[in-house]
file entry.cif (mmCIF, C-alpha atoms)
data_run
#
loop_
_atom_site.label_atom_id
_atom_site.label_comp_id
_atom_site.auth_asym_id
_atom_site.auth_seq_id
_atom_site.Cartn_x
_atom_site.Cartn_y
_atom_site.Cartn_z
CA MET I 1 -17.06 12.47 -3.07
CA GLY I 2 -16.47 9.37 -5.17
CA ARG I 3 -16.59 11.26 -8.45
CA ILE I 4 -13.81 13.69 -7.56
CA THR I 5 -11.55 11.25 -5.70
CA PRO I 6 -9.04 11.20 -8.60
CA LEU I 7 -8.84 15.01 -8.50
CA LEU I 8 -8.27 15.05 -4.75
CA TRP I 9 -5.59 12.40 -5.14
CA LEU I 10 -3.89 14.35 -7.94
CA LEU I 11 -3.79 17.44 -5.71
CA PHE I 12 -2.51 15.27 -2.85
CA SER I 13 0.32 13.75 -4.85
CA ALA I 14 1.25 17.02 -6.56
CA GLY I 15 1.34 18.67 -3.13
CA GLY I 16 3.50 15.91 -1.76
CA THR I 17 5.95 16.27 -4.62
CA VAL I 18 6.13 20.04 -4.18
CA ALA I 19 6.58 19.74 -0.43
CA ALA I 20 9.25 17.07 -0.73
CA LEU I 21 11.27 18.80 -3.44
CA LEU I 22 10.92 22.51 -2.69
CA PHE I 23 10.27 22.87 1.04
CA PRO I 24 13.74 21.62 2.01
CA VAL I 25 15.32 24.29 -0.20
CA HIS I 26 13.35 27.05 1.51
CA LEU I 27 13.94 25.58 4.96
CA VAL I 28 17.70 25.40 4.45
CA LEU I 29 17.85 28.92 2.99
CA THR I 30 15.59 30.82 5.38
CA GLY I 31 15.98 28.54 8.40
CA LEU I 32 19.73 27.90 8.36
CA ALA I 33 21.78 29.55 5.65
CA PHE I 34 20.57 33.15 6.12
CA PRO I 35 20.29 33.30 9.93
CA LEU I 36 23.60 31.49 10.44
CA GLY I 37 25.33 33.75 7.94
CA TRP I 38 26.41 30.97 5.53
CA LEU I 39 24.88 33.08 2.79
CA GLU I 40 24.25 36.78 2.78
CA ALA I 41 20.56 37.36 3.47
CA PRO I 42 18.74 39.24 0.71
CA SER I 43 17.36 42.65 1.65
CA TYR I 44 13.66 43.39 2.09
CA GLU I 45 13.70 45.66 -0.96
CA PHE I 46 15.25 42.92 -3.10
CA LEU I 47 12.65 40.34 -2.04
CA HIS I 48 9.86 42.84 -2.54
CA ARG I 49 11.10 43.55 -6.04
CA LEU I 50 11.19 39.78 -6.73
CA LEU I 51 7.55 39.56 -5.71
CA THR I 52 6.48 42.02 -8.37
CA HIS I 53 7.29 39.41 -11.01
CA PRO I 54 4.19 37.36 -11.90
CA MET I 55 6.19 34.13 -12.24
CA ILE I 56 7.43 34.45 -8.64
CA ARG I 57 3.87 34.99 -7.47
CA LEU I 58 2.71 31.95 -9.40
CA TYR I 59 5.58 29.95 -7.90
CA LEU I 60 4.59 30.99 -4.36
CA PHE I 61 0.97 30.21 -5.08
CA VAL I 62 1.87 26.65 -6.15
CA LEU I 63 4.32 26.29 -3.25
CA ILE I 64 1.68 27.19 -0.67
CA SER I 65 -1.55 25.90 -2.16
CA LEU I 66 -0.69 22.38 -3.33
CA PRO I 67 0.86 21.25 -0.02
CA LEU I 68 -2.29 22.50 1.73
CA PHE I 69 -4.27 19.97 -0.30
CA HIS I 70 -1.65 17.36 0.47
CA TRP I 71 -2.19 18.06 4.15
CA ALA I 72 -5.98 18.03 3.79
CA HIS I 73 -6.02 14.60 2.15
CA ARG I 74 -3.58 13.05 4.60
CA PHE I 75 -5.22 14.61 7.65
CA ARG I 76 -8.65 13.54 6.44
CA TYR I 77 -7.55 9.90 6.43
CA THR I 78 -5.70 10.31 9.70
CA LEU I 79 -8.97 11.38 11.31
CA TYR I 80 -11.08 8.94 9.36
CA ASP I 81 -8.98 5.79 9.82
CA GLY I 82 -6.68 6.70 12.68
CA LEU I 83 -9.33 8.00 15.06
CA GLN I 84 -12.06 5.74 13.63
CA LEU I 85 -14.44 8.62 12.95
CA LYS I 86 -16.21 6.79 10.14
CA HIS I 87 -19.61 8.31 10.90
CA LEU I 88 -18.24 11.84 10.42
CA THR I 89 -16.79 11.18 6.99
CA GLU I 90 -18.58 14.04 5.17
CA LEU I 91 -17.92 16.59 7.91
CA ILE I 92 -14.22 15.65 8.02
CA ALA I 93 -13.87 15.90 4.24
CA VAL I 94 -15.58 19.28 4.13
CA LEU I 95 -13.46 20.63 6.98
CA CYS I 96 -10.13 19.37 5.63
CA TYR I 97 -10.57 20.37 1.99
CA GLY I 98 -12.37 23.50 3.13
CA VAL I 99 -9.33 24.66 5.11
CA ALA I 100 -7.09 23.91 2.12
CA PHE I 101 -9.45 25.80 -0.16
CA LEU I 102 -9.62 28.80 2.20
CA GLY I 103 -5.83 28.80 2.51
CA THR I 104 -5.55 28.72 -1.27
CA ALA I 105 -8.01 31.59 -1.66
CA MET I 106 -6.19 33.63 0.97
CA THR I 107 -2.84 32.96 -0.70
CA ALA I 108 -4.25 34.08 -4.04
CA TYR I 109 -5.74 37.21 -2.46
CA LEU I 110 -2.53 38.20 -0.69
CA LEU I 111 -0.29 37.50 -3.68
CA TRP I 112 -2.62 39.39 -6.00
CA ASN I 113 -2.67 42.44 -3.76
CA ILE I 114 1.05 42.88 -3.22
CA PRO I 115 1.68 46.53 -4.06
CA MET X 1 22.92 -19.18 22.92
CA PRO X 2 20.22 -21.00 24.94
CA SER X 3 19.54 -24.69 24.34
CA THR X 4 15.77 -24.27 24.31
CA VAL X 5 13.30 -21.55 23.40
CA ALA X 6 9.72 -20.89 24.46
CA LEU X 7 7.37 -21.02 21.48
CA THR X 8 3.94 -19.57 22.21
CA VAL X 9 1.35 -20.58 19.65
CA ALA X 10 -2.20 -19.32 19.15
CA ARG X 11 -4.68 -22.21 19.47
CA TYR X 12 -8.26 -22.27 18.36
CA ARG X 13 -10.19 -25.51 18.27
CA PRO X 14 -13.78 -24.53 17.49
CA GLU X 15 -15.18 -27.78 18.93
CA ARG X 16 -13.44 -27.13 22.27
CA GLU X 17 -13.19 -23.39 22.81
CA SER X 18 -15.14 -20.34 21.73
CA GLU X 19 -12.17 -17.92 21.95
CA PRO X 20 -8.59 -18.40 20.70
CA THR X 21 -6.09 -19.20 23.46
CA PHE X 22 -2.33 -19.50 23.67
CA GLN X 23 -0.20 -22.54 24.37
CA THR X 24 3.52 -22.48 25.10
CA TYR X 25 5.92 -25.23 24.07
CA GLU X 26 9.53 -25.58 25.10
CA ILE X 27 11.43 -26.54 21.96
CA PRO X 28 15.13 -27.16 21.28
CA PHE X 29 16.91 -24.12 19.86
CA ARG X 30 18.89 -24.81 16.72
CA LYS X 31 20.68 -22.11 14.78
CA ASP X 32 19.57 -23.46 11.41
CA TRP X 33 15.89 -23.75 12.38
CA VAL X 34 13.20 -21.47 11.06
CA VAL X 35 9.87 -20.92 12.85
CA LEU X 36 8.26 -23.51 10.56
CA ASP X 37 10.81 -26.13 11.70
CA ALA X 38 9.87 -25.33 15.29
CA LEU X 39 6.15 -25.74 14.48
CA ASN X 40 6.86 -29.05 12.76
CA HIS X 41 8.84 -30.15 15.80
CA VAL X 42 5.81 -29.40 17.98
CA LYS X 43 3.52 -31.25 15.57
CA ASP X 44 5.81 -34.32 15.30
CA GLU X 45 7.12 -34.63 18.85
CA LEU X 46 4.97 -32.70 21.31
CA ASP X 47 1.42 -32.12 20.16
CA GLY X 48 0.01 -33.70 17.01
CA SER X 49 -3.18 -31.67 17.28
CA LEU X 50 -1.56 -28.36 16.21
CA SER X 51 -2.80 -27.23 12.78
CA PHE X 52 -0.95 -24.96 10.33
CA ARG X 53 -0.41 -24.73 6.57
CA TRP X 54 2.90 -25.27 4.86
CA SER X 55 4.24 -26.88 1.76
CA CYS X 56 7.49 -25.97 0.01
CA ARG X 57 9.68 -24.75 2.91
CA MET X 58 11.54 -22.46 0.50
CA GLY X 59 9.52 -19.27 0.16
CA VAL X 60 7.80 -20.22 -3.09
CA CYS X 61 4.38 -21.65 -2.25
CA GLY X 62 3.17 -18.86 0.02
CA SER X 63 1.33 -21.23 2.38
CA CYS X 64 3.10 -20.69 5.69
CA GLY X 65 2.36 -16.99 6.30
CA MET X 66 1.74 -16.29 9.99
CA LYS X 67 2.36 -13.52 12.48
CA VAL X 68 5.67 -13.98 14.29
CA ASN X 69 5.97 -11.70 17.32
CA GLY X 70 3.31 -9.49 15.81
CA THR X 71 4.73 -9.13 12.28
CA PRO X 72 3.39 -11.01 9.24
CA LYS X 73 6.15 -13.38 8.09
CA LEU X 74 6.74 -16.43 5.96
CA THR X 75 7.58 -18.86 8.75
CA CYS X 76 9.83 -20.88 6.43
CA ALA X 77 12.10 -17.87 6.02
CA THR X 78 12.09 -16.57 9.60
CA PHE X 79 14.96 -17.89 11.70
CA LEU X 80 14.61 -18.61 15.40
CA SER X 81 18.06 -17.08 15.87
CA ASP X 82 16.67 -13.64 14.93
CA TYR X 83 14.51 -13.71 18.08
CA VAL X 84 16.18 -15.78 20.81
CA PRO X 85 16.69 -15.51 23.73
CA ALA X 86 13.33 -13.67 23.67
CA PRO X 87 10.29 -15.95 23.50
CA ILE X 88 8.63 -16.40 20.11
CA ARG X 89 4.92 -15.96 19.60
CA VAL X 90 3.16 -17.33 16.52
CA GLU X 91 -0.36 -16.26 15.57
CA PRO X 92 -2.58 -16.60 12.51
CA LEU X 93 -2.60 -13.73 9.97
CA ASP X 94 -4.70 -10.74 10.98
CA TYR X 95 -8.04 -9.82 9.36
CA PHE X 96 -8.82 -13.32 8.06
CA PRO X 97 -11.29 -15.63 9.81
CA VAL X 98 -9.42 -18.36 11.71
CA VAL X 99 -10.49 -21.87 10.76
CA ARG X 100 -8.33 -23.68 13.28
CA ASP X 101 -5.16 -22.81 15.24
CA LEU X 102 -2.92 -21.05 12.68
CA VAL X 103 -5.04 -21.84 9.63
CA VAL X 104 -7.01 -18.92 8.15
CA ASP X 105 -9.85 -18.88 5.65
CA LEU X 106 -8.61 -17.74 2.20
CA THR X 107 -12.02 -17.38 0.56
CA ASP X 108 -12.15 -13.56 0.59
CA PHE X 109 -8.69 -13.22 -0.95
CA MET X 110 -9.37 -15.85 -3.61
CA ARG X 111 -12.58 -14.10 -4.60
CA LYS X 112 -10.84 -10.73 -4.90
CA LEU X 113 -7.94 -12.21 -6.82
CA LYS X 114 -10.33 -13.60 -9.42
CA GLN X 115 -12.15 -10.25 -9.66
CA VAL X 116 -9.11 -8.44 -11.05
CA LYS X 117 -8.65 -11.05 -13.81
CA PRO X 118 -4.98 -11.87 -13.21
CA TRP X 119 -4.40 -13.60 -16.51
CA ILE X 120 -3.52 -12.49 -20.03
CA ILE X 121 -6.55 -11.11 -21.84
CA ARG X 122 -6.45 -10.89 -25.64
CA THR X 123 -9.15 -9.42 -27.81
CA GLU X 124 -8.17 -11.99 -30.39
CA GLU X 125 -5.97 -15.04 -29.88
CA LYS X 126 -3.62 -15.80 -32.72
CA PRO X 127 -3.58 -19.44 -33.85
CA PRO X 128 -0.80 -21.57 -32.28
CA ALA X 129 0.70 -22.12 -35.71
CA GLU X 130 1.78 -18.46 -35.78
CA GLY X 131 4.04 -19.05 -32.80
CA GLU X 132 4.51 -17.48 -29.38
CA TYR X 133 3.89 -13.90 -28.34
CA LEU X 134 7.42 -12.60 -28.23
CA GLN X 135 8.65 -10.17 -25.59
CA THR X 136 11.93 -8.28 -25.19
CA PRO X 137 13.89 -8.37 -21.91
CA ASP X 138 12.92 -4.69 -21.42
CA GLN X 139 9.24 -5.51 -21.80
CA LEU X 140 9.66 -8.32 -19.28
CA ASP X 141 11.39 -6.01 -16.80
CA THR X 142 8.45 -3.60 -16.67
CA TYR X 143 6.24 -6.13 -14.86
CA LYS X 144 8.64 -8.80 -13.59
CA GLN X 145 8.79 -7.40 -10.05
CA PHE X 146 4.99 -7.62 -9.67
CA SER X 147 4.98 -11.18 -11.04
CA MET X 148 7.02 -12.41 -8.06
CA CYS X 149 3.90 -12.43 -5.85
CA ILE X 150 3.29 -15.84 -4.24
CA ASN X 151 -0.18 -15.02 -2.84
CA CYS X 152 0.99 -15.46 0.74
CA MET X 153 -1.36 -12.68 1.93
CA LEU X 154 1.15 -11.14 4.32
CA CYS X 155 0.35 -7.77 2.73
CA TYR X 156 -3.34 -8.13 3.60
CA SER X 157 -2.47 -8.96 7.18
CA ALA X 158 -0.21 -5.89 7.32
CA CYS X 159 -2.70 -3.49 5.69
CA PRO X 160 -4.66 -1.45 8.27
CA ILE X 161 -7.10 -0.38 5.55
CA TYR X 162 -8.01 -4.00 4.81
CA GLY X 163 -8.59 -4.40 8.54
CA LEU X 164 -10.94 -1.40 8.62
CA GLU X 165 -12.59 -1.87 5.23
CA PRO X 166 -12.93 -5.57 4.43
CA SER X 167 -14.35 -4.67 1.01
CA PHE X 168 -10.98 -3.23 -0.09
CA ILE X 169 -9.61 -5.35 -2.96
CA GLY X 170 -6.20 -5.20 -1.31
CA PRO X 171 -2.50 -4.96 -2.12
CA ALA X 172 -1.65 -8.31 -3.74
CA ALA X 173 -4.69 -8.36 -6.03
CA ILE X 174 -3.97 -4.82 -7.27
CA ALA X 175 -0.26 -5.58 -7.75
CA LEU X 176 -1.21 -8.66 -9.77
CA ALA X 177 -3.66 -6.66 -11.85
CA GLN X 178 -0.83 -4.24 -12.57
CA ARG X 179 1.45 -7.18 -13.42
CA TYR X 180 -0.90 -8.09 -16.30
CA ASN X 181 -1.64 -4.49 -17.29
CA MET X 182 2.04 -3.91 -17.90
CA ASP X 183 2.56 -7.15 -19.80
CA SER X 184 3.07 -6.32 -23.50
CA ARG X 185 1.03 -9.40 -24.47
CA ASP X 186 -2.03 -8.29 -22.48
CA GLU X 187 -4.97 -6.24 -23.76
CA GLY X 188 -7.19 -6.25 -20.69
CA ALA X 189 -6.10 -3.05 -18.92
CA ALA X 190 -9.37 -1.19 -19.59
CA GLU X 191 -11.41 -4.12 -18.28
CA ARG X 192 -9.39 -4.22 -15.05
CA LEU X 193 -9.42 -0.45 -14.59
CA LYS X 194 -13.21 -0.55 -14.55
CA ILE X 195 -13.08 -2.85 -11.50
CA LEU X 196 -10.15 -1.19 -9.79
CA SER X 197 -11.21 2.43 -10.16
CA GLU X 198 -14.30 1.63 -8.09
CA HIS X 199 -14.35 2.81 -4.49
CA ASP X 200 -13.22 -0.61 -3.19
CA GLY X 201 -10.27 -0.63 -5.58
CA ILE X 202 -7.26 1.65 -5.70
CA TRP X 203 -8.91 4.68 -4.06
CA GLN X 204 -9.38 2.93 -0.72
CA CYS X 205 -5.59 2.79 -0.31
CA THR X 206 -4.18 5.65 1.76
CA PHE X 207 -0.56 4.70 1.05
CA VAL X 208 0.38 3.37 4.48
CA GLY X 209 3.08 1.30 2.80
CA GLU X 210 3.13 -1.62 5.24
CA CYS X 211 2.29 -4.06 2.42
CA THR X 212 5.59 -3.32 0.72
CA LYS X 213 7.47 -3.54 3.99
CA VAL X 214 6.30 -7.07 4.82
CA CYS X 215 6.38 -8.51 1.28
CA PRO X 216 8.84 -11.43 1.33
CA LYS X 217 9.28 -11.29 -2.45
CA HIS X 218 9.90 -7.52 -2.76
CA VAL X 219 6.87 -7.05 -4.99
CA ASP X 220 6.16 -3.48 -3.78
CA PRO X 221 2.34 -3.58 -3.90
CA ALA X 222 2.17 -0.02 -2.54
CA GLY X 223 4.15 1.16 -5.58
CA ALA X 224 1.83 -0.77 -7.89
CA ILE X 225 -1.22 0.88 -6.33
CA GLN X 226 0.24 4.39 -6.67
CA GLN X 227 1.12 3.70 -10.34
CA TYR X 228 -2.42 2.51 -10.83
CA LYS X 229 -3.85 5.63 -9.17
CA LEU X 230 -1.91 7.76 -11.62
CA THR X 231 -3.36 5.75 -14.51
CA GLY X 232 -6.85 6.12 -13.03
CA ALA X 233 -6.45 9.84 -12.40
CA THR X 234 -5.04 10.47 -15.88
CA ARG X 235 -8.00 8.66 -17.36
CA TRP X 236 -10.34 10.71 -15.20
CA VAL X 237 -8.79 13.97 -16.43
CA LYS X 238 -9.05 12.74 -20.01
CA SER X 239 -12.71 11.84 -19.58
CA LEU X 240 -13.29 15.34 -18.21
CA LEU X 241 -11.51 17.10 -21.05
CA LEU X 242 -12.68 14.78 -23.79
CA PRO X 243 -15.99 13.39 -22.53
CA TRP X 244 -16.71 11.84 -25.90
CA GLY X 245 -13.25 10.28 -26.33
CA THR X 246 -13.21 7.67 -23.61
CA ARG X 247 -16.64 6.15 -23.96
#
call {"tool": "encode", "arguments": {"input": "entry.cif", "output": "structure tokens"}}
result
Amino acid sequence: MGRITPLLWLLFSAGGTVAALLFPVHLVLTGLAFPLGWLEAPSYEFLHRLLTHPMIRLYLFVLISLPLFHWAHRFRYTLYDGLQLKHLTELIAVLCYGVAFLGTAMTAYLLWNIP
Amino acid sequence: MPSTVALTVARYRPERESEPTFQTYEIPFRKDWVVLDALNHVKDELDGSLSFRWSCRMGVCGSCGMKVNGTPKLTCATFLSDYVPAPIRVEPLDYFPVVRDLVVDLTDFMRKLKQVKPWIIRTEEKPPAEGEYLQTPDQLDTYKQFSMCINCMLCYSACPIYGLEPSFIGPAAIALAQRYNMDSRDEGAAERLKILSEHDGIWQCTFVGECTKVCPKHVDPAGAIQQYKLTGATRWVKSLLLPWGTR
């Protein structure tokens, strides 16, 4: 684990940046502006057409995957330090980063297979 | 405002008791008194056996750090009036062995401080005849904030990681390492990175941020550690991409 700590931290901080900067935009748009009618909601066909562009897929991949690693890192230390589960350190790390990795793989699979 | 205030102080006299206890003193309340004045009042007028460290009384020496109502504070800069009428409770800093009453053992911190080499390292000193190492105001500004540290150790007492992992080098030492790394006159950054990129260095920190919150000199150790992590991670990526370049 020690060898790749810098990588895990880079993913953590990149994920935090993405979550902090981009999530609020999506939350305001899809959570408030569209349902409350402040902005006209885009149609399904329009969004589907957007998704055919590779840059949009890449954007969604980054938007979903990096924050998963942010969560994994933070949750790992929450379990490790917060709940004092020092003896389970390897298991916790594998579970947390494993979930983030699975989520990333699933995101890639779904985005790749959009018709 | 009340005329007196109850000051509860942690006592530990190893020759008399095996566990720390608490003792409460009724002291006069004065608006211009800080907690240190109250402790000195106890020492001078009520109980000469109370032990605590202090020196400058003006937030420069960093000797009088204690926990006031549970929060690490410089007692010379913590006014009674911020707490009264509630009682005030003074305890020694967390996570350090208590020597006596409010006095803690600094050995661990001193050892760690020395480890990170908080002094200017030059590969070659120029002879004094060639004059000083000059620095622009901009160059000074890059590290000035970190140089305000007075080694009061409040950040260690506030850091839950230091409490859980005593081997962690800790906030002040890392901030001071960064203070010298960013000094334009210094050439020791690589030497320090070797020590700080170890497990007990920057990577132990999980960015709780309490160190920055309690720092009486606004040093922002948490910021220093995150900056340092970026340096460490960048170096790691470089060593991966150019394995022959960083040896």
call {"tool": "residues_around", "arguments": {"input": "entry.cif", "residues": "stretch 48-62 of chain X", "least_positions_apart": "4", "cutoff": "12 Å", "atoms": "all atoms listed in the file", "output": "number ranges by chain"}}
result
X: 8-13, 22-25, 33-44, 66, 73-78, 90-93, 98-106, 148-155, 215-217
call {"tool": "closest_residue", "arguments": {"input": "entry.cif", "among": "I:Tyr44, I:Phe34, I:Phe23, I:Tyr77", "to": "chain X", "atoms": "only C-alpha atoms"}}
result
I:Tyr77
call {"tool": "resolve_selection", "arguments": {"input": "entry.cif", "expression": "the PyMOL selection byres ((chain I) within 12 of (chain X))", "output": "MDAnalysis selection string"}}
result
chainID I and resid 1:14 73:78 80:86
call {"tool": "residues_around", "arguments": {"input": "entry.cif", "residues": "I:Pro67", "least_positions_apart": "5", "cutoff": "7 Å", "atoms": "all atoms listed in the file", "output": "PyMOL selection string"}}
result
chain I and resi 15-16+18-19
call {"tool": "write_last_selection", "arguments": {"input": "entry.cif", "atoms": "C-alpha atoms", "output": "tab-separated table (two decimals), in the frame of the given file"}}
result
chain	number	residue	atom	x	y	z
I	15	GLY	CA	1.34	18.67	-3.13
I	16	GLY	CA	3.50	15.91	-1.76
I	18	VAL	CA	6.13	20.04	-4.18
I	19	ALA	CA	6.58	19.74	-0.43
call {"tool": "atom_distance", "arguments": {"input": "entry.cif", "atom1": "atom CA of X:Ala172", "atom2": "atom CA of I:Leu79"}}
result
25.8 Å
call {"tool": "atom_distance", "arguments": {"input": "entry.cif", "atom1": "atom CA of I:Thr89", "atom2": "atom CA of X:Gln227"}}
result
26.0 Å
call {"tool": "atom_distance", "arguments": {"input": "entry.cif", "atom1": "atom CA of I:Pro24", "atom2": "atom CA of I:Leu111"}}
result
21.9 Å
call {"tool": "resolve_selection", "arguments": {"input": "entry.cif", "expression": "the PyMOL selection byres ((chain X and resi 129-144) around 9)", "output": "PyMOL selection string"}}
result
chain X and resi 126-128+145-148+178-185+219
call {"tool": "residues_around", "arguments": {"input": "entry.cif", "residues": "X:Cys159", "least_positions_apart": "6", "cutoff": "9 Å", "atoms": "all atoms listed in the file", "output": "PyMOL selection string"}}
result
chain X and resi 170-171+208-211
call {"tool": "build_atoms", "arguments": {"input": "entry.cif", "residues": "stretch 107-115 of chain I", "atoms": "all heavy atoms", "output": "compact mmCIF listing (two decimals), in the coordinates of the input"}}
result
# COMPACT_ATOMS: atom_id res chain seq x y z
N THR I 107 -4.13 32.81 -0.04
CA THR I 107 -2.84 32.96 -0.70
C THR I 107 -2.99 33.76 -1.99
O THR I 107 -2.23 34.70 -2.26
CB THR I 107 -2.25 31.58 -1.03
OG1 THR I 107 -2.28 30.78 0.15
CG2 THR I 107 -0.83 31.69 -1.53
N ALA I 108 -4.01 33.39 -2.77
CA ALA I 108 -4.25 34.08 -4.04
C ALA I 108 -4.53 35.56 -3.79
O ALA I 108 -3.97 36.44 -4.46
CB ALA I 108 -5.42 33.43 -4.77
N TYR I 109 -5.37 35.84 -2.78
CA TYR I 109 -5.74 37.21 -2.46
C TYR I 109 -4.52 38.03 -2.07
O TYR I 109 -4.28 39.13 -2.60
CB TYR I 109 -6.77 37.20 -1.33
CG TYR I 109 -7.15 38.57 -0.83
CD1 TYR I 109 -8.06 39.37 -1.53
CD2 TYR I 109 -6.59 39.08 0.35
CE1 TYR I 109 -8.39 40.63 -1.08
CE2 TYR I 109 -6.91 40.35 0.81
CZ TYR I 109 -7.83 41.12 0.09
OH TYR I 109 -8.15 42.38 0.53
N LEU I 110 -3.71 37.47 -1.17
CA LEU I 110 -2.53 38.20 -0.69
C LEU I 110 -1.52 38.43 -1.82
O LEU I 110 -0.97 39.52 -1.97
CB LEU I 110 -1.87 37.44 0.46
CG LEU I 110 -2.66 37.44 1.77
CD1 LEU I 110 -2.00 36.54 2.80
CD2 LEU I 110 -2.78 38.87 2.31
N LEU I 111 -1.29 37.37 -2.62
CA LEU I 111 -0.29 37.50 -3.68
C LEU I 111 -0.75 38.50 -4.75
O LEU I 111 0.03 39.23 -5.32
CB LEU I 111 -0.02 36.13 -4.33
CG LEU I 111 0.80 35.15 -3.47
CD1 LEU I 111 0.81 33.78 -4.10
CD2 LEU I 111 2.22 35.66 -3.27
N TRP I 112 -2.06 38.50 -4.99
CA TRP I 112 -2.62 39.39 -6.00
C TRP I 112 -2.50 40.85 -5.57
O TRP I 112 -2.30 41.73 -6.41
CB TRP I 112 -4.09 39.02 -6.23
CG TRP I 112 -4.72 39.70 -7.39
CD1 TRP I 112 -5.52 40.81 -7.35
CD2 TRP I 112 -4.57 39.36 -8.76
NE1 TRP I 112 -5.88 41.16 -8.61
CE2 TRP I 112 -5.30 40.29 -9.51
CE3 TRP I 112 -3.87 38.34 -9.44
CZ2 TRP I 112 -5.38 40.25 -10.91
CZ3 TRP I 112 -3.96 38.30 -10.82
CH2 TRP I 112 -4.69 39.24 -11.54
N ASN I 113 -2.61 41.06 -4.26
CA ASN I 113 -2.67 42.44 -3.76
C ASN I 113 -1.35 43.00 -3.27
O ASN I 113 -1.32 44.02 -2.60
CB ASN I 113 -3.71 42.53 -2.64
CG ASN I 113 -5.12 42.45 -3.21
OD1 ASN I 113 -5.51 43.27 -4.04
ND2 ASN I 113 -5.84 41.43 -2.82
N ILE I 114 -0.25 42.31 -3.59
CA ILE I 114 1.05 42.88 -3.22
C ILE I 114 1.26 44.16 -4.02
O ILE I 114 1.10 44.16 -5.24
CB ILE I 114 2.18 41.87 -3.52
CG1 ILE I 114 2.08 40.69 -2.58
CG2 ILE I 114 3.55 42.55 -3.37
CD1 ILE I 114 3.02 39.57 -2.93
N PRO I 115 1.54 45.26 -3.34
CA PRO I 115 1.68 46.53 -4.06
C PRO I 115 2.89 46.52 -5.01
O PRO I 115 3.85 45.85 -4.75
CB PRO I 115 1.86 47.56 -2.95
CG PRO I 115 2.24 46.81 -1.72
CD PRO I 115 1.75 45.41 -1.87
